[in-house]
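Engineer: If it helps, the file is called protein12.cif and holds mmCIF, C-alpha atoms and all ligand atoms; chains and numbers go by the auth columns:
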data_upload
loop_
_atom_site.group_PDB
_atom_site.id
_atom_site.type_symbol
_atom_site.label_atom_id
_atom_site.label_comp_id
_atom_site.label_asym_id
_atom_site.label_seq_id
_atom_site.Cartn_x
_atom_site.Cartn_y
_atom_site.Cartn_z
_atom_site.B_iso_or_equiv
_atom_site.auth_seq_id
_atom_site.auth_asym_id
ATOM 1 C CA MET A 1 333.002 99.812 -9.635 0.00 1 A
ATOM 2 C CA SER A 2 329.460 100.862 -8.885 0.00 2 A
ATOM 3 C CA LEU A 3 326.914 99.937 -6.293 0.00 3 A
ATOM 4 C CA TYR A 4 323.276 100.244 -7.292 0.00 4 A
ATOM 5 C CA PRO A 5 320.530 101.057 -4.763 0.00 5 A
ATOM 6 C CA SER A 6 318.299 98.313 -6.176 0.00 6 A
ATOM 7 C CA ARG A 7 321.007 95.715 -5.483 0.00 7 A
ATOM 8 C CA ILE A 8 321.219 96.865 -1.870 0.00 8 A
ATOM 9 C CA THR A 9 317.502 96.557 -1.226 0.00 9 A
ATOM 10 C CA GLU A 10 317.275 93.196 -3.002 0.00 10 A
ATOM 11 C CA TYR A 11 320.184 91.858 -0.971 0.00 11 A
ATOM 12 C CA ASP A 12 318.649 93.003 2.305 0.00 12 A
ATOM 13 C CA GLU A 13 315.210 91.632 1.453 0.00 13 A
ATOM 14 C CA ARG A 14 316.775 88.198 1.003 0.00 14 A
ATOM 15 C CA ALA A 15 318.888 88.328 4.191 0.00 15 A
ATOM 16 C CA PRO A 16 317.848 86.108 7.120 0.00 16 A
ATOM 17 C CA THR A 17 315.700 88.048 9.596 0.00 17 A
ATOM 18 C CA ALA A 18 316.546 88.680 13.253 0.00 18 A
ATOM 19 C CA ASN A 19 314.510 85.573 14.200 0.00 19 A
ATOM 20 C CA GLU A 20 316.654 83.458 11.904 0.00 20 A
ATOM 21 C CA THR A 21 320.038 84.547 13.296 0.00 21 A
ATOM 22 C CA GLU A 22 322.074 84.096 16.470 0.00 22 A
ATOM 23 C CA THR A 23 324.151 86.875 18.020 0.00 23 A
ATOM 24 C CA ALA A 24 327.732 86.928 19.300 0.00 24 A
ATOM 25 C CA THR A 25 329.634 89.799 20.926 0.00 25 A
ATOM 26 C CA PHE A 26 333.372 90.491 21.059 0.00 26 A
ATOM 27 C CA ALA A 27 335.540 93.362 22.310 0.00 27 A
ATOM 28 C CA LEU A 28 338.740 93.393 20.236 0.00 28 A
ATOM 29 C CA GLY A 29 340.162 96.891 20.369 0.00 29 A
ATOM 30 C CA CYS A 30 338.913 99.798 18.295 0.00 30 A
ATOM 31 C CA PHE A 31 335.598 98.478 17.005 0.00 31 A
ATOM 32 C CA TRP A 32 335.913 99.829 13.450 0.00 32 A
ATOM 33 C CA GLY A 33 338.287 96.974 12.528 0.00 33 A
ATOM 34 C CA PRO A 34 336.355 93.959 13.873 0.00 34 A
ATOM 35 C CA ASP A 35 333.108 95.440 12.478 0.00 35 A
ATOM 36 C CA ALA A 36 334.661 95.034 9.020 0.00 36 A
ATOM 37 C CA THR A 37 336.503 91.769 9.743 0.00 37 A
ATOM 38 C CA PHE A 38 333.351 89.950 10.851 0.00 38 A
ATOM 39 C CA GLY A 39 331.226 91.656 8.190 0.00 39 A
ATOM 40 C CA ALA A 40 333.345 89.961 5.518 0.00 40 A
ATOM 41 C CA VAL A 41 332.586 86.463 6.765 0.00 41 A
ATOM 42 C CA ASP A 42 330.074 84.324 4.834 0.00 42 A
ATOM 43 C CA GLY A 43 327.166 83.591 7.163 0.00 43 A
ATOM 44 C CA VAL A 44 327.611 86.817 9.129 0.00 44 A
ATOM 45 C CA VAL A 45 324.400 88.634 8.345 0.00 45 A
ATOM 46 C CA ARG A 46 324.545 91.897 10.312 0.00 46 A
ATOM 47 C CA THR A 47 327.025 93.748 12.521 0.00 47 A
ATOM 48 C CA ARG A 48 326.783 96.704 14.867 0.00 48 A
ATOM 49 C CA VAL A 49 329.233 98.378 17.221 0.00 49 A
ATOM 50 C CA GLY A 50 328.747 99.447 20.811 0.00 50 A
ATOM 51 C CA TYR A 51 329.999 99.319 24.361 0.00 51 A
ATOM 52 C CA ALA A 52 329.951 96.274 26.625 0.00 52 A
ATOM 53 C CA GLY A 53 331.475 94.660 29.666 0.00 53 A
ATOM 54 C CA GLY A 54 331.080 97.535 32.112 0.00 54 A
ATOM 55 C CA THR A 55 328.541 98.814 34.578 0.00 55 A
ATOM 56 C CA LYS A 56 328.047 102.451 33.474 0.00 56 A
ATOM 57 C CA ALA A 57 324.390 102.918 32.568 0.00 57 A
ATOM 58 C CA ASP A 58 324.525 105.027 29.404 0.00 58 A
ATOM 59 C CA PRO A 59 328.041 104.924 27.986 0.00 59 A
ATOM 60 C CA THR A 60 329.002 107.187 25.104 0.00 60 A
ATOM 61 C CA TYR A 61 332.211 107.322 23.104 0.00 61 A
ATOM 62 C CA ASN A 62 333.485 110.241 25.174 0.00 62 A
ATOM 63 C CA ALA A 63 332.265 108.819 28.489 0.00 63 A
ATOM 64 C CA LEU A 64 332.683 105.067 28.256 0.00 64 A
ATOM 65 C CA GLY A 65 333.147 104.443 31.948 0.00 65 A
ATOM 66 C CA ASP A 66 334.258 100.859 32.503 0.00 66 A
ATOM 67 C CA HIS A 67 333.010 99.530 29.140 0.00 67 A
ATOM 68 C CA SER A 68 335.062 98.358 26.163 0.00 68 A
ATOM 69 C CA GLU A 69 334.445 98.939 22.480 0.00 69 A
ATOM 70 C CA ALA A 70 332.641 95.872 21.147 0.00 70 A
ATOM 71 C CA VAL A 71 331.153 94.466 17.968 0.00 71 A
ATOM 72 C CA GLN A 72 327.971 92.464 17.822 0.00 72 A
ATOM 73 C CA VAL A 73 327.560 89.920 15.042 0.00 73 A
ATOM 74 C CA ASP A 74 324.263 88.366 13.883 0.00 74 A
ATOM 75 C CA TYR A 75 325.023 85.114 12.111 0.00 75 A
ATOM 76 C CA ASP A 76 323.200 82.348 10.311 0.00 76 A
ATOM 77 C CA SER A 77 323.844 79.218 12.379 0.00 77 A
ATOM 78 C CA THR A 78 323.097 77.019 9.373 0.00 78 A
ATOM 79 C CA GLU A 79 326.251 78.474 7.779 0.00 79 A
ATOM 80 C CA LEU A 80 328.648 78.756 10.685 0.00 80 A
ATOM 81 C CA ASP A 81 328.955 78.070 14.411 0.00 81 A
ATOM 82 C CA TYR A 82 329.698 80.257 17.388 0.00 82 A
ATOM 83 C CA SER A 83 333.063 78.445 17.590 0.00 83 A
ATOM 84 C CA ASP A 84 333.937 79.650 14.076 0.00 84 A
ATOM 85 C CA LEU A 85 333.428 83.232 15.243 0.00 85 A
ATOM 86 C CA VAL A 86 335.502 82.587 18.375 0.00 86 A
ATOM 87 C CA ALA A 87 338.308 81.293 16.143 0.00 87 A
ATOM 88 C CA ILE A 88 338.109 84.432 13.984 0.00 88 A
ATOM 89 C CA ALA A 89 338.201 86.590 17.124 0.00 89 A
ATOM 90 C CA PHE A 90 341.405 84.891 18.291 0.00 90 A
ATOM 91 C CA GLU A 91 342.971 85.173 14.825 0.00 91 A
ATOM 92 C CA ASN A 92 342.390 88.901 14.943 0.00 92 A
ATOM 93 C CA HIS A 93 343.962 90.012 18.185 0.00 93 A
ATOM 94 C CA ASP A 94 346.956 89.236 20.362 0.00 94 A
ATOM 95 C CA PRO A 95 345.541 87.529 23.466 0.00 95 A
ATOM 96 C CA ARG A 96 348.820 87.577 25.398 0.00 96 A
ATOM 97 C CA SER A 97 348.383 91.025 26.924 0.00 97 A
ATOM 98 C CA GLN A 98 345.653 93.569 27.422 0.00 98 A
ATOM 99 C CA PRO A 99 345.877 97.186 26.283 0.00 99 A
ATOM 100 C CA ARG A 100 346.169 99.454 29.303 0.00 100 A
ATOM 101 C CA LYS A 101 342.989 101.355 28.431 0.00 101 A
ATOM 102 C CA ARG A 102 339.845 99.410 29.240 0.00 102 A
ATOM 103 C CA GLN A 103 338.260 100.967 26.143 0.00 103 A
ATOM 104 C CA TYR A 104 340.426 98.732 23.937 0.00 104 A
ATOM 105 C CA GLN A 105 340.647 95.578 26.039 0.00 105 A
ATOM 106 C CA ASN A 106 339.869 92.153 24.581 0.00 106 A
ATOM 107 C CA VAL A 107 336.855 90.274 25.856 0.00 107 A
ATOM 108 C CA VAL A 108 334.944 87.301 24.448 0.00 108 A
ATOM 109 C CA PHE A 109 331.384 87.589 25.698 0.00 109 A
ATOM 110 C CA TYR A 110 329.327 84.430 25.963 0.00 110 A
ATOM 111 C CA GLY A 111 325.556 84.310 26.276 0.00 111 A
ATOM 112 C CA SER A 112 325.065 80.751 27.491 0.00 112 A
ATOM 113 C CA ASP A 113 326.941 77.927 29.196 0.00 113 A
ATOM 114 C CA ALA A 114 327.254 76.208 25.809 0.00 114 A
ATOM 115 C CA GLU A 115 328.976 79.277 24.379 0.00 115 A
ATOM 116 C CA ARG A 116 331.294 79.517 27.385 0.00 116 A
ATOM 117 C CA ASP A 117 332.199 75.842 26.853 0.00 117 A
ATOM 118 C CA ALA A 118 332.898 76.574 23.176 0.00 118 A
ATOM 119 C CA VAL A 119 335.364 79.331 24.120 0.00 119 A
ATOM 120 C CA GLU A 120 337.062 77.074 26.666 0.00 120 A
ATOM 121 C CA THR A 121 337.312 74.276 24.122 0.00 121 A
ATOM 122 C CA HIS A 122 338.789 76.645 21.544 0.00 122 A
ATOM 123 C CA LEU A 123 341.447 77.797 24.017 0.00 123 A
ATOM 124 C CA ARG A 124 342.240 74.269 25.171 0.00 124 A
ATOM 125 C CA GLU A 125 342.745 73.183 21.570 0.00 125 A
ATOM 126 C CA SER A 126 344.756 76.280 20.634 0.00 126 A
ATOM 127 C CA ASP A 127 348.524 76.591 20.786 0.00 127 A
ATOM 128 C CA TRP A 128 348.341 79.118 23.624 0.00 128 A
ATOM 129 C CA PRO A 129 349.554 77.831 26.992 0.00 129 A
ATOM 130 C CA GLU A 130 346.692 78.208 29.470 0.00 130 A
ATOM 131 C CA ASP A 131 348.354 80.962 31.499 0.00 131 A
ATOM 132 C CA ALA A 132 349.434 82.938 28.403 0.00 132 A
ATOM 133 C CA VAL A 133 345.954 84.208 27.528 0.00 133 A
ATOM 134 C CA ASP A 134 344.972 87.554 29.027 0.00 134 A
ATOM 135 C CA THR A 135 341.819 87.965 26.955 0.00 135 A
ATOM 136 C CA ARG A 136 338.859 87.828 29.313 0.00 136 A
ATOM 137 C CA VAL A 137 335.919 85.479 28.844 0.00 137 A
ATOM 138 C CA GLU A 138 332.787 86.954 30.423 0.00 138 A
ATOM 139 C CA ARG A 139 329.045 86.565 30.349 0.00 139 A
ATOM 140 C CA LEU A 140 327.443 89.346 28.316 0.00 140 A
ATOM 141 C CA SER A 141 325.445 91.557 30.647 0.00 141 A
ATOM 142 C CA GLY A 142 324.395 94.217 28.158 0.00 142 A
ATOM 143 C CA PHE A 143 325.284 95.897 24.892 0.00 143 A
ATOM 144 C CA HIS A 144 324.949 99.642 24.395 0.00 144 A
ATOM 145 C CA LEU A 145 324.840 100.820 20.793 0.00 145 A
ATOM 146 C CA ALA A 146 327.565 103.242 19.784 0.00 146 A
ATOM 147 C CA GLU A 147 326.850 106.520 18.037 0.00 147 A
ATOM 148 C CA ASP A 148 325.755 106.408 14.385 0.00 148 A
ATOM 149 C CA TYR A 149 329.053 107.839 13.146 0.00 149 A
ATOM 150 C CA HIS A 150 330.880 104.748 14.455 0.00 150 A
ATOM 151 C CA GLN A 151 328.556 102.263 12.706 0.00 151 A
ATOM 152 C CA LYS A 152 329.967 100.927 9.406 0.00 152 A
ATOM 153 C CA PHE A 153 332.738 103.463 9.816 0.00 153 A
ATOM 154 C CA HIS A 154 334.736 102.458 6.730 0.00 154 A
ATOM 155 C CA LEU A 155 331.629 102.545 4.555 0.00 155 A
ATOM 156 C CA SER A 156 330.491 105.917 5.850 0.00 156 A
ATOM 157 C CA SER A 157 333.975 107.282 5.084 0.00 157 A
ATOM 158 C CA THR A 158 333.643 106.209 1.422 0.00 158 A
ATOM 159 C CA PRO A 159 331.087 108.488 -0.282 0.00 159 A
ATOM 160 C CA SER A 160 330.920 106.558 -3.570 0.00 160 A
ATOM 161 C CA LEU A 161 329.741 103.430 -1.753 0.00 161 A
ATOM 162 C CA PHE A 162 327.810 105.175 1.021 0.00 162 A
ATOM 163 C CA SER A 163 325.624 107.342 -1.261 0.00 163 A
ATOM 164 C CA PRO A 164 323.808 104.375 -2.836 0.00 164 A
ATOM 165 C CA PHE A 165 322.473 103.495 0.651 0.00 165 A
ATOM 166 C CA GLU A 166 321.124 107.028 0.996 0.00 166 A
ATOM 167 C CA GLU A 167 319.712 106.820 -2.524 0.00 167 A
ATOM 168 C CA ALA A 168 317.985 103.589 -1.485 0.00 168 A
ATOM 169 C CA GLY A 169 316.291 105.674 1.233 0.00 169 A
ATOM 170 C CA TYR A 170 318.086 104.114 4.206 0.00 170 A
ATOM 171 C CA ASP A 171 318.263 106.065 7.464 0.00 171 A
ATOM 172 C CA ASP A 172 321.021 105.602 10.078 0.00 172 A
ATOM 173 C CA ASP A 173 319.272 102.707 11.842 0.00 173 A
ATOM 174 C CA GLU A 174 318.658 100.932 8.540 0.00 174 A
ATOM 175 C CA ILE A 175 322.279 101.319 7.460 0.00 175 A
ATOM 176 C CA ARG A 176 323.453 99.942 10.816 0.00 176 A
ATOM 177 C CA GLU A 177 321.174 96.891 10.498 0.00 177 A
ATOM 178 C CA SER A 178 321.687 96.370 6.769 0.00 178 A
ATOM 179 C CA SER A 179 323.291 93.136 5.705 0.00 179 A
ATOM 180 C CA ALA A 180 324.430 94.781 2.473 0.00 180 A
ATOM 181 C CA ALA A 181 326.061 97.566 4.502 0.00 181 A
ATOM 182 C CA ALA A 182 327.950 95.006 6.605 0.00 182 A
ATOM 183 C CA LYS A 183 329.320 93.448 3.402 0.00 183 A
ATOM 184 C CA VAL A 184 330.144 96.717 1.648 0.00 184 A
ATOM 185 C CA ASN A 185 331.735 98.086 4.842 0.00 185 A
ATOM 186 C CA ALA A 186 333.963 94.996 4.974 0.00 186 A
ATOM 187 C CA HIS A 187 334.906 95.456 1.314 0.00 187 A
ATOM 188 C CA THR A 188 335.650 99.133 1.890 0.00 188 A
ATOM 189 C CA ALA A 189 338.041 98.193 4.702 0.00 189 A
ATOM 190 C CA GLY A 190 340.021 96.022 2.269 0.00 190 A
ATOM 191 C CA ASN A 191 338.625 92.564 2.995 0.00 191 A
ATOM 192 C CA ASP A 192 337.736 89.990 0.349 0.00 192 A
ATOM 193 C CA VAL A 193 333.968 89.765 0.487 0.00 193 A
ATOM 194 C CA ALA A 194 332.339 87.069 -1.616 0.00 194 A
ATOM 195 C CA ALA A 195 328.871 88.544 -1.155 0.00 195 A
ATOM 196 C CA PHE A 196 330.066 91.888 -2.430 0.00 196 A
ATOM 197 C CA GLU A 197 331.623 90.393 -5.526 0.00 197 A
ATOM 198 C CA ASP A 198 328.736 88.000 -6.213 0.00 198 A
ATOM 199 C CA ALA A 199 325.611 89.936 -5.427 0.00 199 A
ATOM 200 C CA LEU A 200 326.206 93.596 -4.809 0.00 200 A
ATOM 201 C CA SER A 201 328.697 95.068 -7.174 0.00 201 A
ATOM 202 C CA TYR A 202 327.160 94.806 -10.596 0.00 202 A
ATOM 203 C CA ASP A 203 324.906 96.851 -12.762 0.00 203 A
ATOM 204 C CA PRO A 204 321.294 95.537 -12.602 0.00 204 A
ATOM 205 C CA ARG A 205 320.658 97.083 -16.036 0.00 205 A
ATOM 206 C CA GLN A 206 323.109 94.665 -17.662 0.00 206 A
HETATM 207 N N1 LIG B . 340.612 107.567 17.685 0.00 301 A
HETATM 208 C C1 LIG B . 341.254 106.409 17.181 0.00 301 A
HETATM 209 C C2 LIG B . 340.478 105.134 17.454 0.00 301 A
HETATM 210 C C3 LIG B . 339.035 105.206 17.158 0.00 301 A
HETATM 211 S S1 LIG B . 338.280 103.829 17.726 0.00 301 A
HETATM 212 C C4 LIG B . 336.641 104.034 17.423 0.00 301 A
HETATM 213 C C5 LIG B . 341.464 106.554 15.699 0.00 301 A
HETATM 214 O O1 LIG B . 341.101 107.586 15.162 0.00 301 A
HETATM 215 O O2 LIG B . 342.019 105.669 15.087 0.00 301 A
HETATM 216 O O3 LIG B . 338.420 103.882 19.180 0.00 301 A
#
Please render this file's structure as structure tokens.
Structural biologist:
Amino acid sequence: MSLYPSRITEYDERAPTANETETATFALGCFWGPDATFGAVDGVVRTRVGYAGGTKADPTYNALGDHSEAVQVDYDSTELDYSDLVAIAFENHDPRSQPRKRQYQNVVFYGSDAERDAVETHLRESDWPEDAVDTRVERLSGFHLAEDYHQKFHLSSTPSLFSPFEEAGYDDDEIRESSAAAKVNAHTAGNDVAAFEDALSYDPRQ
């Protein structure tokens, strides 16, 4: 299966812009996994990984301080709601206990009272008894981008699918913010990705 640079640029030109998307942030363990899980979802437009939830000013992977690994998701609110993303977050981790290392702890970050209410509603309507959930629910106070080599990790580890982005002339920032890269990264990690099948993975010369 091939990925053509022209398909990548066409896909990204059609993607909703930053003004047309909302953003949600989750810490759910090693961020490579949730980057790909959320990237697969229809209506998720862009993803990026970073560090959140702590107070250290300039966290890095080797000096995280009190932050946790987190994924940030830009989504098209005409296609899905914040609550849909919260549901996906809870389907993709075990909320009953926290990993010992703060780096991998689970946190749902809300950005408004409405989002906090949505998380509370999700938990109330879930099967989890109220005192069984250890996952923290906190207001997002900042998001620090992780190093380039952590962005779209599965994609960047797959040369046959990564090279077309380089051939399209994308630099590291453009790959991180590429909607096509979010979809191809999700595919590379083994997810079913409708956008990849429908729009990205065919030969434009056919
Ligand atoms: N070092 C671990 C986790 C990486 S994640 C970005 C691994 O290689 O799987 O913390």
Engineer: Taking the file above as input, evaluate the PyMOL selection byres (((not hetatm)) within 7 of (chain A and resi 301)) and report the hits as a tab-separated table (two decimals) with C-alpha atoms, in the frame of the given file.
Structural biologist:
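File result-v9.tsv, as written:
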chain	number	residue	atom	x	y	z
A	30	CYS	CA	338.91	99.80	18.30
A	31	PHE	CA	335.60	98.48	17.00
A	32	TRP	CA	335.91	99.83	13.45
A	150	HIS	CA	330.88	104.75	14.46
Engineer: Name the closest residue to A:Phe90 among the candidates A:Asp134, A:Asp171, A:Glu20, A:Glu10; distances are taken between atoms, counting only C-alpha atoms.
Structural biologist: A:Asp134
Engineer: Residues near A:Lys101, anyone? I mean within 12 Å using only C-alpha atoms, not counting same-chain ones fewer than 4 positions away, as a PDB file with C-alpha atoms, in the coordinates of the input.
Structural biologist:
ATOM      1  CA  GLY A  29     340.162  96.891  20.369  1.00  0.00           C
ATOM      2  CA  CYS A  30     338.913  99.798  18.295  1.00  0.00           C
ATOM      3  CA  LEU A  64     332.683 105.067  28.256  1.00  0.00           C
ATOM      4  CA  GLY A  65     333.147 104.443  31.948  1.00  0.00           C
ATOM      5  CA  ASP A  66     334.258 100.859  32.503  1.00  0.00           C
ATOM      6  CA  HIS A  67     333.010  99.530  29.140  1.00  0.00           C
ATOM      7  CA  SER A  68     335.062  98.358  26.163  1.00  0.00           C
ATOM      8  CA  GLU A  69     334.445  98.939  22.480  1.00  0.00           C
ATOM      9  CA  SER A  97     348.383  91.025  26.924  1.00  0.00           C
ATOM     10  CA  GLN A 105     340.647  95.578  26.039  1.00  0.00           C
ATOM     11  CA  ASN A 106     339.869  92.153  24.581  1.00  0.00           C
TER      12      ASN A 106
END
Engineer: Mind telling me what the PyMOL selection byres (((chain A and resi 23) around 7) and not hetatm) catches here, as a PyMOL selection string?
Structural biologist: chain A and resi 21-22+24-25+72-75
Engineer: Would you please work out which residue, of A:Tyr61, A:Tyr149, A:Tyr11, A:Tyr4, is nearest to A:Asp173 when using all atoms listed in the file?
Structural biologist: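 Using all atoms listed in the file, the shortest distance to A:Asp173 belongs to A:Tyr149.
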Engineer: The residues within 7 Å of (325.2, 104.1, -6.2), using all atoms listed in the file and the coordinates of the file, should be reported as a list in words; which are they?
Structural biologist: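 Nearby residues: Ser2, Leu3, Tyr4, Pro5, Ser160, Leu161, Ser163 and Pro164 of chain A.
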Engineer: What's the separation between atom CA of A:His144 and atom CA of A:Asp172, in Å to one decimal place?
Structural biologist: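 That distance, rounded to one decimal, is 16.0 Å.
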Engineer: Could you check the closest approach to A:Leu140 for each of A:Glu197, A:Phe26, A:Glu177, A:Ala63 and tell me which residue wins, using only C-alpha atoms?
Structural biologist: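 Selected residue with least distance to A:Leu140: A:Phe26.
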Engineer: List the residues selected by the PyMOL selection byres (((chain A and resi 111) around 7) and not hetatm) in the file shown, writing them as a list in words.
Structural biologist: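 For this structure, the PyMOL selection byres (((chain A and resi 111) around 7) and not hetatm) resolves to Phe109, Tyr110, Ser112, Glu115, Arg139 and Leu140 of chain A.
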Engineer: Could you check which of A:Phe153, A:Gly50, A:Asp198, A:Asn19 is closest to A:Ala36, using all atoms listed in the file?
Structural biologist: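 The answer is A:Phe153, which sits nearest to A:Ala36.
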Engineer: Choose the residue, out of A:Gln103, A:Ser83, A:Ala168, A:Ala186, that has the smallest atom-to-atom separation from A:Phe38; count only C-alpha atoms.
Structural biologist: A:Ala186
Engineer: May I ask which of the residues A:Leu155, A:Val107, A:Leu200, A:Val49 is the closest one to A:Phe143, counting all atoms listed in the file?
Structural biologist: A:Val49
